[in-house]
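**Q** Could you have a look at this structure, given as C-alpha cells, before my questions?
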Amino acid sequence: MAAGTAVPAEVRLERPRDPQHGDLATGVALQLARPLKKKPRDVAQAIVQQLDAPQGLVSKVEIAGPGFINFWLAEEALSNVLVTILEQGAKYGRRTAHPPQRINVEFVSTNPTGPLHVGHGRGAALGDAFAALLEATGHEVTREFYVNDAGLQIERLARSLWARIQQAVGRDAGIPEGGYHGEYLAELASEVLERESPAFADLPEREAIDRCREIAVRHGLEDQTRDLEEFGVRFDLFYSETTLYQEQGIEKTLAELERRDLLYERDGALWLSTGAHGDAKDRVLRKQDGSYTYFLPDIAYHLTKRDRGFHRAIDVWGADHHGYVPRMTAAMKALGLPEEFFHAEIVQLVRVMRHGEEVRFSKRSGEFVTLRDLFEETGVDAARYFFLMRRGDAQFIFDIDLATKQSEENPVYYVQYAHTRMAGIFRTGGLEPTSISAEGVDLSLLSEDVEQDLIKQLGQYPSVVEGAARALEPHRIVAYLEEIAQHVNAWYHHHRVLGSDPPLERARLVLARASQIVLANGLSLLGVTAPERM
RNA sequence: GCCCCUGUAGCUCAGUUGGAUAGAGCAGCGGUUUCCUAAACCGUUGGCCGGGUGUUCGAGUCACCCCAGGGGCACCA
C-alpha cells in the first residue's frame with residue numbers, strides 16, 4: 001500500500017445503487033483514512049494513481065463523494081459478457097467448486113400419516129431450490145427425505161387403520177386415543193379388504209397391526225411421493241427410520257456418545273449433556289419407562305449422514321421445530337463434528353388467502369388445504385414461484401387469487417413472458433436459438449442505454465447465484481429475474497430485433513439469446529418452466 | 001417467564017452481508033397497439049425504515065432497551 005504500512009482493509013467492489021456512481025465502486029479509501037490519518041479523498045487519490053487497471057476492462061475511474069472510487073466498465077468487457085453467455089449456455093452461472101463438498105439436503109420429511117399440506121409445499125420448493133443452488137455452485141448434492149416410519153405416531157396410524165377395517169366389516173370399533181380420524185383411512189380399509197380378503201379382518205390383532213402398519217406407511221408414502229413428483233420435486237433417497245433401527249443405529253450412537261463421555265443417568269432416565277455445548281439444558285434420551293425419546297434416533301440419523309460421507313447436512317424444518325435446533329446443534333457439536341456440518345433452515349408458517357379471506361387449516365371442518373389442492377388450482381409454476389419469491393424465514397401469505405390470475409398482476413408470468421418473447425423472435429425469424437453465435441458480430445452496435453444496462457445485469461448472474469447459494473436465499477434469484485425481465489420487456493418494446501440493419505440485427509439476436517439463456521437458467525434453479533409460448 | 005422469527009409506501013415484500021439522494025411489484029391516477037405475443041410499455045402519486053439510546057467518517061443494516069404480531073418451551077412427536 002502507498003504508505004508501505006500494513007493496514008488491514010478489505011477491498012470490496014460493489015455495485016452502486018445509483019448508476020451515476022459507476023458500474024463498480026469501493027469505499028476502501030474511507031476505511032483506510034482513519035488508520036492512515038489522512039483525508040479520505042487523498043487516500044483515494046493515492047490508490048487511483050497506483051492503480052493498474054487492465055486495458056479494455058475499465059473505461060473510467062473517478063473519485064466521488066466523500067472518497068468513493070468509482071469504475072466504469074469498458075465496452076469490450078460488456079461484449080465479453082455476451083460471448084461468455086452464448087458459449088456457456090445452460091452452464092452459464094454454474095461453476096465448479098474446489099474441492100466440491102458432498103451436501104445432504106433433507107426436506108419435507110413428514111410422517112406418512114396423511115396428505116402433504118401447503119406448509120410442506122413451501123418446504124419442498126425451498127429445499128429443492130437450496131439443492132439446485134448448491135449444485136450450481138459446484139457441490140454434490142443429495143436430496144433426502146427422512147421417513148418417520150417407526151414410533152408412536154405410526155403405531156397410532158396402524159391401529160386407526162385396523163379400527164377402520166373392523167368398522168368396514170360391521171364391527172363396533174372406535175378410533176384409538178390420539179389416532180387418525182381422516183376419511184382416507186376408511187377408504188384405505190375397504191381397499192385392503194378388497195385386495196387382500198375379507199378374512200383380513202379376522203387376523204390376530206398383533207399380526208394384523210403389523211400388516212396395517214406396513215400398508216399404511218407404504219400407502220401414505222406413495223401418496224406423498226406422487227404429489228411431490230407432480231410438484232416437480234424428486235428425491236435421491238428416502239431414508240427410513242426403520243432401517244436406522246435395523247442397522248443398529250441406536251446402539252452405535254449410544255456407544256459413541258458413551259465413548260465421548262456425554263451420557264449420564266439421573267432419576268432413572270438417560271441424559272445427554274447438550275447443555276455444555278450450547279443448548280439451554282441437558283436432554284433425555286431414554287425415558288424412565290425405558291423407551292427412547294425422538295431425540296436419540298434423530299441424532300443417530302444425522303450420524304449416518306456423517307458416516308455416509310457428507311461434509312454438510314442441511315435440514316429444512318418447519319417453524320414448529322425451531323425449538324429443536326439448539327439441541328441438535330449442540331449434539332452435533334458434542335460429537336465433535338465441525339461447526340458447519342449441521343445447519344437447520346427454518347421455514348416459517350404459510351397462510352392461505354382466497355377471495356380476500358384466510359383459508360383456515362382444519363382437518364375437522366374439511367377445509368384443509370393440501371399441496372395438491374394448491375398446485376392443481378394455481379399450476380405448479382405459480383405455486384413454486386410464489387413459495388420462493390419470499391424469504392423462507394418470514395411468514396408468508398399465499399394469495400391464491402393472485403397466483404391464479406393470468407394477468408400483469410402475477411409476477412410468475414411476467415418473467416416467463418419475457419422468456420417467451422425471446423423465443424418468439426427466433427421462431428418468427430426461423431432461427432434455431434442454439435445456432436445464434438457472437439462470432440464475427442459487432443456487439444458495439446448495442447449502444448442503447450437499455451441494452452447496455454441489460455448486458456451489465458446479465459453479467460451479474462453468476463455472482464447472484466453465488467450469493468443466493470451462500471445465504472440459501474432463492475428469493476434473490478426471483479428478484480434478479482424480475483429485474484432482467486423488466487429490462488428485457490422494455491428493450492423488446494422499444495427496439496426491434498428482426499428487420500433492423502443486418503449488423504444490428506445480428507447483434508440484437510445475440511442479446512436476445514443471452515437474455516433467453518439467463519432467464520431459462522434462473523427459472524430452472526427455481527424449478528419453474530421457461531415456456532416457448534404462452 | 002425464557003428463546004427464535006418478523007416489523008420498510010394503501011397491500012405484498014426487496015434492500016448486494018455498515019456506504020452516496022431508501023427501491024420493486026400490485027393497488028391508485030394519466031397515457032401507448034398497422035410493428036418479433038398489450039400476460040407488455042411509458043409517465044405519475046405515495047416513506048417518522050415500529051419507538052428510543054448507543055457504536056462511527058457513515059446505520060434500514062450492528063449493540064442494548066422498549067412496543068406490536070407470530071412461533072417455540074416437555075422424560076410429546
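In the C-alpha cells, chains take the letters A, B, ... in the order shown, each chain's residues start at 1, and ligands count up from 1 in the order shown.
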With chain A as the partner and 8 Å as the cut-off, tabulate the residues of chain B that qualify, each row holding the nearest pair of atoms and their distance in Å to one decimal, using only C-alpha atoms (C1' of nucleotides), sorted by chain and rising number, as CSV.
**A**
```
residue,atom,partner,partner_atom,distance
B:C3,C1',A:Gly323,CA,7.8
B:C4,C1',A:His322,CA,7.1
B:C5,C1',A:Ala394,CA,6.6
B:U6,C1',A:Ala394,CA,6.3
B:C13,C1',A:Arg390,CA,7.3
B:A14,C1',A:Ala479,CA,7.3
B:U16,C1',A:Glu14,CA,7.5
B:G19,C1',A:Gly27,CA,7.0
B:A20,C1',A:Gly65,CA,6.6
B:G25,C1',A:Pro411,CA,7.5
B:C26,C1',A:Glu409,CA,6.1
B:C36,C1',A:Ile425,CA,4.7
B:U37,C1',A:Arg421,CA,7.0
B:A39,C1',A:Ser407,CA,5.0
B:A40,C1',A:Asn489,CA,6.8
B:C41,C1',A:His493,CA,6.1
B:C57,C1',A:Leu30,CA,7.3
B:G70,C1',A:Gln395,CA,7.9
B:G71,C1',A:Ala319,CA,6.5
B:G72,C1',A:Gly323,CA,5.2
B:C73,C1',A:Gly323,CA,7.4
B:C75,C1',A:Lys287,CA,4.7
B:A77,C1',A:Gln153,CA,7.0
```
**Q** Enumerate the residues of range 288-504 of chain A with a DSSP assignment of alpha helix (DSSP H), computed from the backbone, and present them as a PyMOL selection string.
**A** chain A and resi 295-307+325-334+371-378+380-388+400-404+411-429+449-459+461-471+475-494+502-504
**Q** Would you give me, as a PyMOL selection string, the residues in range 27-264 of chain A that DSSP reads as strand (DSSP E)?
**A** chain A and resi 58-64+68-73+102-106+140-147+237-240+263-264
**Q** Compare B:U53, B:G23, B:U45, B:A38 by their minimum atom-to-atom distance to G10 in chain B, counting only C-alpha atoms (C1' of nucleotides), and give me the closest one.
**A**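 Among the listed residues, the smallest separation from G10 in chain B belongs to B:U45.
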**Q** Would you compute the distance between CA of Ala216 in chain A and CA of His117 in chain A? Give it in Å to one decimal.
**A**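 Those two atoms sit 18.2 Å apart.
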**Q** Considering only C-alpha atoms, can you say which of A:Glu187, A:Glu144, A:Glu135, A:Glu505 comes closest to Ile314 in chain A?
**A**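 Among A:Glu187, A:Glu144, A:Glu135, A:Glu505, it is A:Glu144 that comes nearest to Ile314 in chain A.
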